[in-house]
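Asks: First, the structure itself, so that you have it in front of you.
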Amino acid sequence: MEILYAVGILSGLGVLAGALLAYASKVFYVKEDPRVEEVDSILPQANCGACGYAGCRDFAKAIVSGEDIVCPVGGPSVAELVAQILGKEAAEVEERVAFVKCAGTHDRAKKRATYHGVKTCAAAHLVGGDKECRYGCLGLGDCAAVCPTDAITISRGVAVIDPEKCIGCELCVQACPVNVIEMVPKSRKMHVVCNSQDPPQVARKVCDVACIACKICTRTDKNFTMEGNVAVFTGSEGGLDTAPFVCPTNAIMDESKYRALEFVLSDAVREAFEQDKAAYKERERAERAKRAAARKAAQQKKAAAQAGGEANPATDKSAAKPSEDGDKKDDSKKSNESNKIDSSPADGDKKAKKEDKAPKAEDTGKEGE
Amino acid sequence: MISKTFRGGIHPYYGKELAASRETEKLPLPDQFFVSLEQHIGAPVKLLVKKGDEVKAGQLIAEAGGFVSANIHAPTSGKVTSTDPVDHVSGRKVPAVTIKADGNDEWVDLEPVDSPESADPKTLLDAIRRAGVVGMGGASFPTHVKLSPPDDKPIDTLILNGAECEPYLTADHRIMVEKPREVLLGALLEARILGASRLFIGVEDNKPDAIKALEDEVEGLQLPENIKEISVVPLETKYPQGSEKQLIKAITDRNVPVKGLPMDVGVVVSNVATCYAVWDAVYNGRPVIERIVTVTGRGVVEPGNYWVRIGTPVSHLIEAAGGYEDDAAKLIIGGPMMGFAQGTDAVPTMKSTNGVLVQTRDEVQGPDFAPCIRCARCVEVCPMNLPPFLLAAAAEAGRYDVLDQDVLFSCVECGSCAYVCPSRRPLVQFIRMGKAYFRGQKKGK
Amino acid sequence: MEYLVLAINAMLISNLVLARFLGICPFLGVSKRLSTAVGMSLAVLFVMTMASTVTWMVYHGVLAPLHLEYLRTIAFILVIAALVQLTEMAIQKLSPVLYEALGIYLPLITTNCAILGVSIDTIEKGYSFLGMLVYAVFGSIGFGIALVLFAGIRERLELSDVPKSWEGAASSLIVAGILSLAFMGFAGLIPG
């Protein structure tokens, strides 16, 4: 008999509670969009806050309520899925990675003093850092400390980001007090590795690899434009292969040929690059000489044809002069290198040579780390 | 003699004997002047000259860019050779006017105020504004702004800050000893502008000659009607006695509220060098282009005090003081407690530059510091009653969320905490980091 | 007087967390930040008072008259779980502000042994209705004190240079132990 009571009471309580809850869920129903849950389940759940919201759930709520935002970590794949749930077209998301616009390692950038204070960029920035250049990387690793994927290497006074490891969370961009880190499309291969807004004469003095606003790159390649005293790559295309070679201070990097890490940190890679550059110059010069010779021959022909008719030396000179000047400058600067590889190799040869060099450089780069 | 003081503070090595008894000398003019365009707190100035212009000493070269801003004048006659940025005390590069001196030092015509004793306060204020007077104790807040408090904040007390608690520096000391009359006349002008009835001159008791000079001068002074009380107040020799809030506490026993200004308790504090500049501006119509700078420290051969034109490169000053000793290691603009270590001696002097200190290798502390051991000595000495170790620890750990901004910004960065820390922790730098973080946030970075 | 003794006893001497080791889960889990600790404490205060009241009524109104005392544990669990669910829904609808503040803690409390412990305790000790109320309210205040104290200490601890191997849970548990020892000192407040 007692057991019946017990069972009855408990089931009674259970039914009562169940009924109450069922009733309450009707009465106290609060509308929440089911899509929030769905979107939330797709997000990476990194809760990194890079989107500007407190966690992935907040982001889901915001995007369901119609905010036009994208998850920087999830990238296009997530955006597409979210768009499917919301029945919207996916906003075009370009995968972006962080890039340090400075190659001013200790040996390239001039130091102005010994910094004795707290070893963080935030603290060093308060007194202007220890480099003459106030726009360069301070190299104390505030960015590396916040990087969730260890994509940042600090070596010889500069930070370099591995674009393969970078997930584009922008935490380093926020952590950097000098704003030397910039988000760039992952597909971009051409970078200007300088952030200096110093006037050219100052920039040239304080750093070997500074952009000195000579504007050669902007003249030869329309993908580059000037922003104040520094050139930036703004094109959507890959840019001309030759852009890095025309830069007199080697402040342009072509990532399709070199990994950022090595281009900035490895001397061997730099040397290889210098040689490539010298070879390029040599080739350019040869070509120009050939063109000039051809022109001359044509003129002579013309002159001969006109037989005693007046040639037009004035226009000739003005046309030829600038290129000659340019040649001379290059000569004086690079005379050593060009002498070394005087027997200017053919195109095919040169490529082979570079491929030879590249793996070697990679090795040394790793040792350097 | 009873010396007044405040709670907390420290007694560092003062080092004033190096330069205190050295009479101020006129510094020969350098060939080049770099007149920084960031010499005050407030709105940036508008540049009035361009490359190639000829200027004369005292000529306005940059105009105040608002009410809270200050004019800047050419320090000598010569030619403007550049307007590119040059080094600044803060370590940044800021816009500046580079002037190549012609050596003639020709002045513009000066316009002193007629009969300053009876002139209208507005006229006086205008003269001060035109002369570009800023707080010369270090803060460089435009003086004409300080002297025009809002109507709902009546000022009854003007305090002259002659404490000069910063070790090594003797610039204020010398001006009190050498120009007591001018300083007092300047102070009386300020008091009249403010309508203050009480005038106190706070001087640390390690400067008996300055106290004597001022007291003698006060006795012989013909007091205007508005001044009911005037006295020279000896203060205990303790750092940071010359900090505004501590000075007010010591002399008037009033507490300036958190986030408040001295004017909230009816007080205005003015540095003695500022008073001299006010006197100069009103009685002579001369703008601020010259001030006393102490060149001192064990790293210079002959420490001394100099009348220096604003914009003189520090290297020139060091040269005048006999050059560097062999073991000179660190160059500081200002004193050892609150000064700014420099990376170059090409930086020019500014209106607020009261000293140049060169330390030797032995005196410079290495970069290493140890963990906090919770001895709470920093709490004991903090003149603002803050817990520096906590603020620093939070900033070091990047835990800005646990930092109370009101507390953080109460810190006057006097450096007492870092001085007493047995672990040699750079507490002030951590706190500055925290402040920079919140300032950056406000700017929306 | 009787209730004062009861209150002090519930709050300090036989503190739920530090003397009786009930509700250790939220004590360790929600004590990383002072603000969440305060939120949790308030939620506990709210739920504990309500749960104790309802279970007291269920026991004295239903179980005791039918001599089914042995069913109390299982019945209480049922009642508490349903109650917390209900409250959560109600708050979400009626006071979104309160929900924002307490909402995330409510489901956590459902499985909090301190609630069940207090409910059973009041029955075991045979408190009157008023006694039960005092016991529940001050018991949860005691819980709050312990939690807030602990959270404050942990916040400080986080800024300290703790040796690597002692970081996190290790040092937290040591602190909890010391705190518990300290609370034992209150035992002398009331003789006997």
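Each chain in the structure tokens gets a letter, A, B, ..., in the order shown, and its residues are numbered from 1; ligands are numbered from 1 in order too.
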Set the distance at 12 Å and use only C-alpha atoms: which residues neighbour B:Gln246 once local chain neighbours fewer than 4 positions away are removed? I'd like the list as a VMD selection string.
Replies: chain B and resid 4 to 9 159 161 163 165 202 235 to 236 238 to 242 250 to 257 262 269 382 to 385 412 414
Asks: Counting only C-alpha atoms, which residues of chain C come no farther than 6 Å from chain A, as a PyMOL selection string?
Replies: chain C and resi 82+89-90+93
Asks: What's around stretch 180-195 of chain A at 6 Å? Count only C-alpha atoms, leave out sequence neighbours fewer than 2 positions away in its own chain, and write the answer as a list in words.
Replies: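 Returned residues: Glu95, Arg96, Val97, Ala98, Phe99, Val100, Lys101, Cys102, Ala103, Tyr135, Val173, Val178, Ala210, Cys211, Val232, Ala251, Ile252, Met253, Asp254, Glu255 and Ser256 of chain A.
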Asks: Could you give me, as JSON lines, every chain C residue with an atom at most 9 Å from chain B, plus its closest atom pair and distance in Å to one decimal, counting only C-alpha atoms, rows ordered by chain then number?
Replies:
{"residue": "C:Glu155", "atom": "CA", "partner": "B:Val402", "partner_atom": "CA", "distance": 8.6}
{"residue": "C:Arg156", "atom": "CA", "partner": "B:Leu390", "partner_atom": "CA", "distance": 8.4}
{"residue": "C:Glu158", "atom": "CA", "partner": "B:Ala397", "partner_atom": "CA", "distance": 8.6}
{"residue": "C:Leu159", "atom": "CA", "partner": "B:Ala393", "partner_atom": "CA", "distance": 5.7}
{"residue": "C:Ser160", "atom": "CA", "partner": "B:Ala393", "partner_atom": "CA", "distance": 7.2}
{"residue": "C:Asp161", "atom": "CA", "partner": "B:Pro371", "partner_atom": "CA", "distance": 6.5}
Asks: Taking only stretch 147-303 of chain A into account, list the residues labelled helix (DSSP H, G or I) by DSSP (computed from the backbone), as a PyMOL selection string.
Replies: chain A and resi 171-175+200-206+216-220+243-246+260-265+267-303
Asks: Considering only C-alpha atoms, return as a list in words whatever protein or nucleic-acid residues lie within 10 Å of A:Lys222, sequence-local ones (same chain, fewer than 2 positions apart) excluded.
Replies: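 Everything that qualifies: Cys217, Thr218, Arg219, Thr220, Phe224, Thr225, Phe233, Thr234, Gly235, Gly239 and Leu240 of chain A.
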Asks: In Å, with one decimal, what is the gap from atom CA of C:Thr122 to atom CA of C:Ser41?
Replies: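 Here the two named atoms are 20.1 Å from each other.
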Asks: Quick check: residues of chain B within 7 Å of chain A, only C-alpha atoms, returned as a PyMOL selection string.
Replies: chain B and resi 90-92+343-344+366-367+429+433
Asks: For C:Gly117, please output as an NGL selection string all residues within 12 Å (counting only C-alpha atoms; exclusion window: fewer than 5 positions along the same chain).
Replies: :C and (16-17 or 20-23 or 48 or 51-52 or 55 or 72-73 or 76-77 or 80 or 111-112 or 122-125 or 135-136 or 139-140)
Asks: Could you turn the residues from that selection into a file that holds C-alpha atoms, as a compact mmCIF listing (two decimals), in the first residue's frame?
Replies:
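As written to disk, part_20.txt reads:
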# COMPACT_ATOMS: atom_id res chain seq x y z
CA LEU C 16 28.54 26.21 3.58
CA VAL C 17 31.68 26.27 1.53
CA ARG C 20 30.95 22.05 5.26
CA PHE C 21 32.42 21.90 1.79
CA LEU C 22 29.15 22.15 -0.04
CA GLY C 23 28.95 23.89 -3.40
CA MET C 48 18.40 28.97 -2.11
CA ALA C 51 14.14 26.27 -2.95
CA SER C 52 14.31 25.90 0.81
CA THR C 55 11.01 22.02 -0.24
CA ARG C 72 12.79 13.52 0.46
CA THR C 73 16.09 13.45 -1.43
CA PHE C 76 13.67 17.58 -3.45
CA ILE C 77 15.86 17.09 -6.48
CA ILE C 80 14.51 22.07 -7.12
CA THR C 111 23.04 20.98 -9.83
CA ASN C 112 24.53 22.80 -6.90
CA THR C 122 16.56 22.46 7.48
CA ILE C 123 14.47 19.32 7.60
CA GLU C 124 17.08 17.34 9.50
CA LYS C 125 17.53 20.03 12.12
CA TYR C 135 19.08 29.51 7.82
CA ALA C 136 18.68 29.63 4.04
CA GLY C 139 23.61 30.34 4.64
CA SER C 140 23.64 31.75 1.14
Asks: Near B:Ile175, within 9 Å and counting only C-alpha atoms, which residues show up once chain neighbours fewer than 2 positions away are dropped, as a list in words?
Replies: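 Those residues are Thr24, Thr170, Ala171, Asp172, His173, Val177, Glu178, Lys179, Pro180, Val183, Ala210, Val272, Ala273, Tyr276 and Ile292 of chain B.
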Asks: Would you write out those residues with N, CA and C atoms, as a short mmCIF file (atom, residue, chain, number, x, y, z; two decimals), in the first residue's frame?
Replies:
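And here's selection-v3.cif as it stands now:
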data_model
loop_
_atom_site.label_atom_id
_atom_site.label_comp_id
_atom_site.auth_asym_id
_atom_site.auth_seq_id
_atom_site.Cartn_x
_atom_site.Cartn_y
_atom_site.Cartn_z
N THR B 24 74.33 82.27 -12.35
CA THR B 24 73.84 82.02 -13.70
C THR B 24 74.61 82.83 -14.73
N THR B 170 68.77 73.25 -10.07
CA THR B 170 68.93 74.46 -9.27
C THR B 170 68.48 75.70 -10.02
N ALA B 171 67.76 75.51 -11.12
CA ALA B 171 67.35 76.65 -11.94
C ALA B 171 66.43 77.58 -11.17
N ASP B 172 65.42 76.99 -10.50
CA ASP B 172 64.49 77.82 -9.73
C ASP B 172 65.21 78.45 -8.55
N HIS B 173 66.09 77.70 -7.94
CA HIS B 173 66.89 78.20 -6.82
C HIS B 173 67.63 79.48 -7.24
N VAL B 177 67.27 83.44 -5.95
CA VAL B 177 68.38 84.14 -5.32
C VAL B 177 68.76 85.38 -6.13
N GLU B 178 68.73 85.25 -7.46
CA GLU B 178 69.24 86.33 -8.29
C GLU B 178 68.18 87.34 -8.69
N LYS B 179 66.93 86.87 -8.83
CA LYS B 179 65.88 87.80 -9.29
C LYS B 179 64.66 87.77 -8.36
N PRO B 180 64.85 87.89 -7.07
CA PRO B 180 63.69 87.77 -6.17
C PRO B 180 62.66 88.86 -6.42
N VAL B 183 60.59 88.13 -9.54
CA VAL B 183 59.69 87.01 -9.29
C VAL B 183 58.48 87.47 -8.49
N ALA B 210 67.77 81.35 -0.65
CA ALA B 210 66.61 81.77 -1.44
C ALA B 210 65.52 82.30 -0.52
N VAL B 272 58.10 79.68 -9.84
CA VAL B 272 58.80 80.96 -9.74
C VAL B 272 59.35 81.42 -11.09
N ALA B 273 59.81 80.45 -11.90
CA ALA B 273 60.33 80.82 -13.21
C ALA B 273 59.21 81.38 -14.09
N TYR B 276 58.69 84.91 -13.16
CA TYR B 276 59.69 85.78 -13.77
C TYR B 276 59.31 86.05 -15.23
N ILE B 292 66.36 79.98 -17.41
CA ILE B 292 67.53 79.40 -16.75
C ILE B 292 67.47 77.89 -16.88
#
Asks: By how many Å are atom CA of A:Val73 and atom CA of A:Cys169 apart?
Replies: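 Between atom CA of A:Val73 and atom CA of A:Cys169 the gap works out to 5.9 Å.
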Asks: Excluding stretch 216-219 of chain B and residues on its chain fewer than 4 positions from it, collect all residues at most 12 Å away from it, counting only C-alpha atoms, and give them as a ChimeraX atom specification.
Replies: /B:176-185,187-188,199-201,209-212,223,229-232
Asks: Rounded to one decimal, what separation in Å do you get between atom CA of C:Val134 and atom CA of C:Val118?
Replies: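 One can read the atom CA of C:Val134 to atom CA of C:Val118 distance as 11.3 Å.
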Asks: Select, from B:Asp156, B:Glu302, B:Asp205, B:Glu111, the residue with the minimum atom-to-atom distance to B:Asp280, counting only C-alpha atoms.
Replies: B:Glu111
Asks: For A:Gly136, which of A:Ala79, A:Ser155, A:Val206, A:Cys172 is the closest residue, counting only C-alpha atoms?
Replies: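 For A:Gly136, the nearest of the given residues is A:Val206.
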